[in-house]
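Colleague: Let me begin by handing over the structure; questions about it come next.
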Amino acid sequence: MDEARLEETPEGVVPATGGWFIMNLSQIAWETLPGGGTWCSFEAPALPSPLLGIGVHVLGPGESSGMYHAESNQEGFLVLSGECIAIVEGQERRMRPWDYLHCPPGTAHITVGAGAEPCALLMVGTRAPGSTLHYPAEPAAARHGASVPVSTDSPEAAYAGRPPVTPAPSPWPLTGRDG
């Protein structure tokens, strides 16, 4: 396997070709969305992995990583620093550094930043052809602004009206943290 060619862009470093690579969170390209935190993905934008999605998502207090949803693939979330609330199958659970949330396929879930500091989550999810998503209306997630008002299977409907995703500078290392 060849080493990927890394390319400097205005947003940060991205893999420009397939292959293996080593990148630092302080240099990688990040994106942001008002109320949705800041995140990076460890893959080439033009060459997404057909098997695995992985990245880091930084959530400020009250920010959610998306809308409460269940999907046909497995996902996992490891808190690297800070705190968040995981809403899983309608239940709220506080997560702190080194807590791990395992979501088998079909598990309804979302994470919301909590506490006074930003929360950094390592997020990983499997990918498969024909994957499905469902966004159920969930009162516990709605209390945090992270639920659709009416259940849908459409990501376009779930995220209608949200501002566009924009490039962002790396937040790493997090202020006051070792990273």
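Residue numbering restarts at 1 in every chain; chains get A, B, ... in the order shown in the structure tokens, and ligands count up from 1 in that same order.
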If we count only C-alpha atoms, what is near range 110-117 of chain A at a cut-off of 6 Å, once residues fewer than 6 positions away on the same chain are taken out, given as a count of residues only?

Modeller: 14

Colleague: So that I can check the secondary structure, give me every residue of chain A assigned helix (DSSP H, G or I) by backbone DSSP, as a ChimeraX atom specification.

Modeller: /A:139-142,155-158

Colleague: Which residues are near Trp20 in chain A? Cut-off 8 Å, only C-alpha atoms, ignore same chain within fewer than 2 positions. Put them as a PyMOL selection string.

Modeller: chain A and resi 1-4+18+22

Colleague: What is the CA of Glu43 in chain A-CA of Ser131 in chain A distance in Å, reported with one decimal?

Modeller: 19.3 Å

Colleague: I need the residues in range 35-139 of chain A that are strand (DSSP E or B) according to DSSP; give them as a ChimeraX atom specification.

Modeller: /A:37-41,44,47,52-59,64,69-71,75-81,83-88,91-95,100-103,109-114,119-126,133-135

Colleague: Residues near Thr9 in chain A, anyone? I mean within 12 Å using only C-alpha atoms, not counting same-chain ones fewer than 2 positions away, as a list in words.

Modeller: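 Contacts, with the query itself left out: Leu6, Glu7, Glu11, Gly12, Val13, Val14, Pro15, Ala16, Gln27, Ile28, Ala29, Trp30, Pro45, Pro167, Ala168 and Pro169 of chain A.
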
Colleague: Counting only C-alpha atoms, figure out which residue out of A:Ile54, A:Leu78, A:Ala44, A:Cys119 gets nearest to Asp99 in chain A.

Modeller: A:Leu78

Colleague: Find the residue from A:Ser72, A:Thr166, A:Ser81, A:Thr126 that sits nearest to Ser49 in chain A; use only C-alpha atoms when measuring.

Modeller: A:Thr126

Colleague: Counting only C-alpha atoms, what is within 10 Å of Asp153 in chain A, bar same-chain residues fewer than 5 positions away, as a ChimeraX atom specification?

Modeller: /A:69-71,132-136,158

Colleague: Residues at most 10 Å from Gly53 in chain A, counting only C-alpha atoms, excluding those fewer than 2 positions away in the same chain, as a PyMOL selection string?

Modeller: chain A and resi 41-43+48-51+55+75+123-127

Colleague: Tell me which protein, DNA and RNA residues are within 12 Å of Ala160 in chain A, counting only C-alpha atoms, leaving out same-chain ones fewer than 5 positions away, and put them as a list in words.

Modeller: Met67, Val148, Pro149, Thr152, Ser154 and Pro155 of chain A

Colleague: For the residues selected in the previous step, produce a file with all heavy atoms as a short mmCIF file (atom, residue, chain, number, x, y, z; two decimals), in the first residue's frame.

Modeller:
data_model
loop_
_atom_site.label_atom_id
_atom_site.label_comp_id
_atom_site.auth_asym_id
_atom_site.auth_seq_id
_atom_site.Cartn_x
_atom_site.Cartn_y
_atom_site.Cartn_z
N MET A 67 -28.86 15.39 14.60
CA MET A 67 -30.21 15.12 15.06
C MET A 67 -30.30 13.68 15.57
O MET A 67 -29.63 12.78 15.06
CB MET A 67 -31.23 15.32 13.93
CG MET A 67 -31.41 16.74 13.52
SD MET A 67 -32.14 17.68 14.87
CE MET A 67 -32.46 19.21 14.04
N VAL A 148 -35.98 15.98 15.51
CA VAL A 148 -36.92 16.45 14.50
C VAL A 148 -38.30 16.56 15.15
O VAL A 148 -38.61 15.82 16.09
CB VAL A 148 -36.97 15.49 13.29
CG1 VAL A 148 -35.65 15.47 12.56
CG2 VAL A 148 -37.38 14.08 13.71
N PRO A 149 -39.16 17.48 14.67
CA PRO A 149 -40.50 17.58 15.24
C PRO A 149 -41.41 16.43 14.80
O PRO A 149 -42.31 16.03 15.53
CB PRO A 149 -41.02 18.92 14.72
CG PRO A 149 -40.19 19.24 13.53
CD PRO A 149 -38.86 18.55 13.72
N THR A 152 -38.90 11.09 10.47
CA THR A 152 -38.62 11.03 9.04
C THR A 152 -37.46 10.08 8.77
O THR A 152 -36.65 9.82 9.65
CB THR A 152 -38.30 12.43 8.47
OG1 THR A 152 -38.09 12.34 7.06
CG2 THR A 152 -37.06 13.02 9.12
N SER A 154 -35.67 10.89 6.01
CA SER A 154 -34.97 11.76 5.08
C SER A 154 -33.97 12.68 5.78
O SER A 154 -34.39 13.56 6.55
CB SER A 154 -35.98 12.62 4.31
OG SER A 154 -35.33 13.66 3.63
N PRO A 155 -32.66 12.51 5.53
CA PRO A 155 -31.69 13.46 6.09
C PRO A 155 -31.97 14.89 5.63
O PRO A 155 -31.80 15.83 6.41
CB PRO A 155 -30.34 12.97 5.55
CG PRO A 155 -30.56 11.53 5.24
CD PRO A 155 -31.99 11.43 4.79
#

Colleague: To one decimal in Å, tell me the separation between CA of Ser147 in chain A and CA of Gly35 in chain A.

Modeller: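 Going from CA of Ser147 in chain A over to CA of Gly35 in chain A, I get 13.2 Å.
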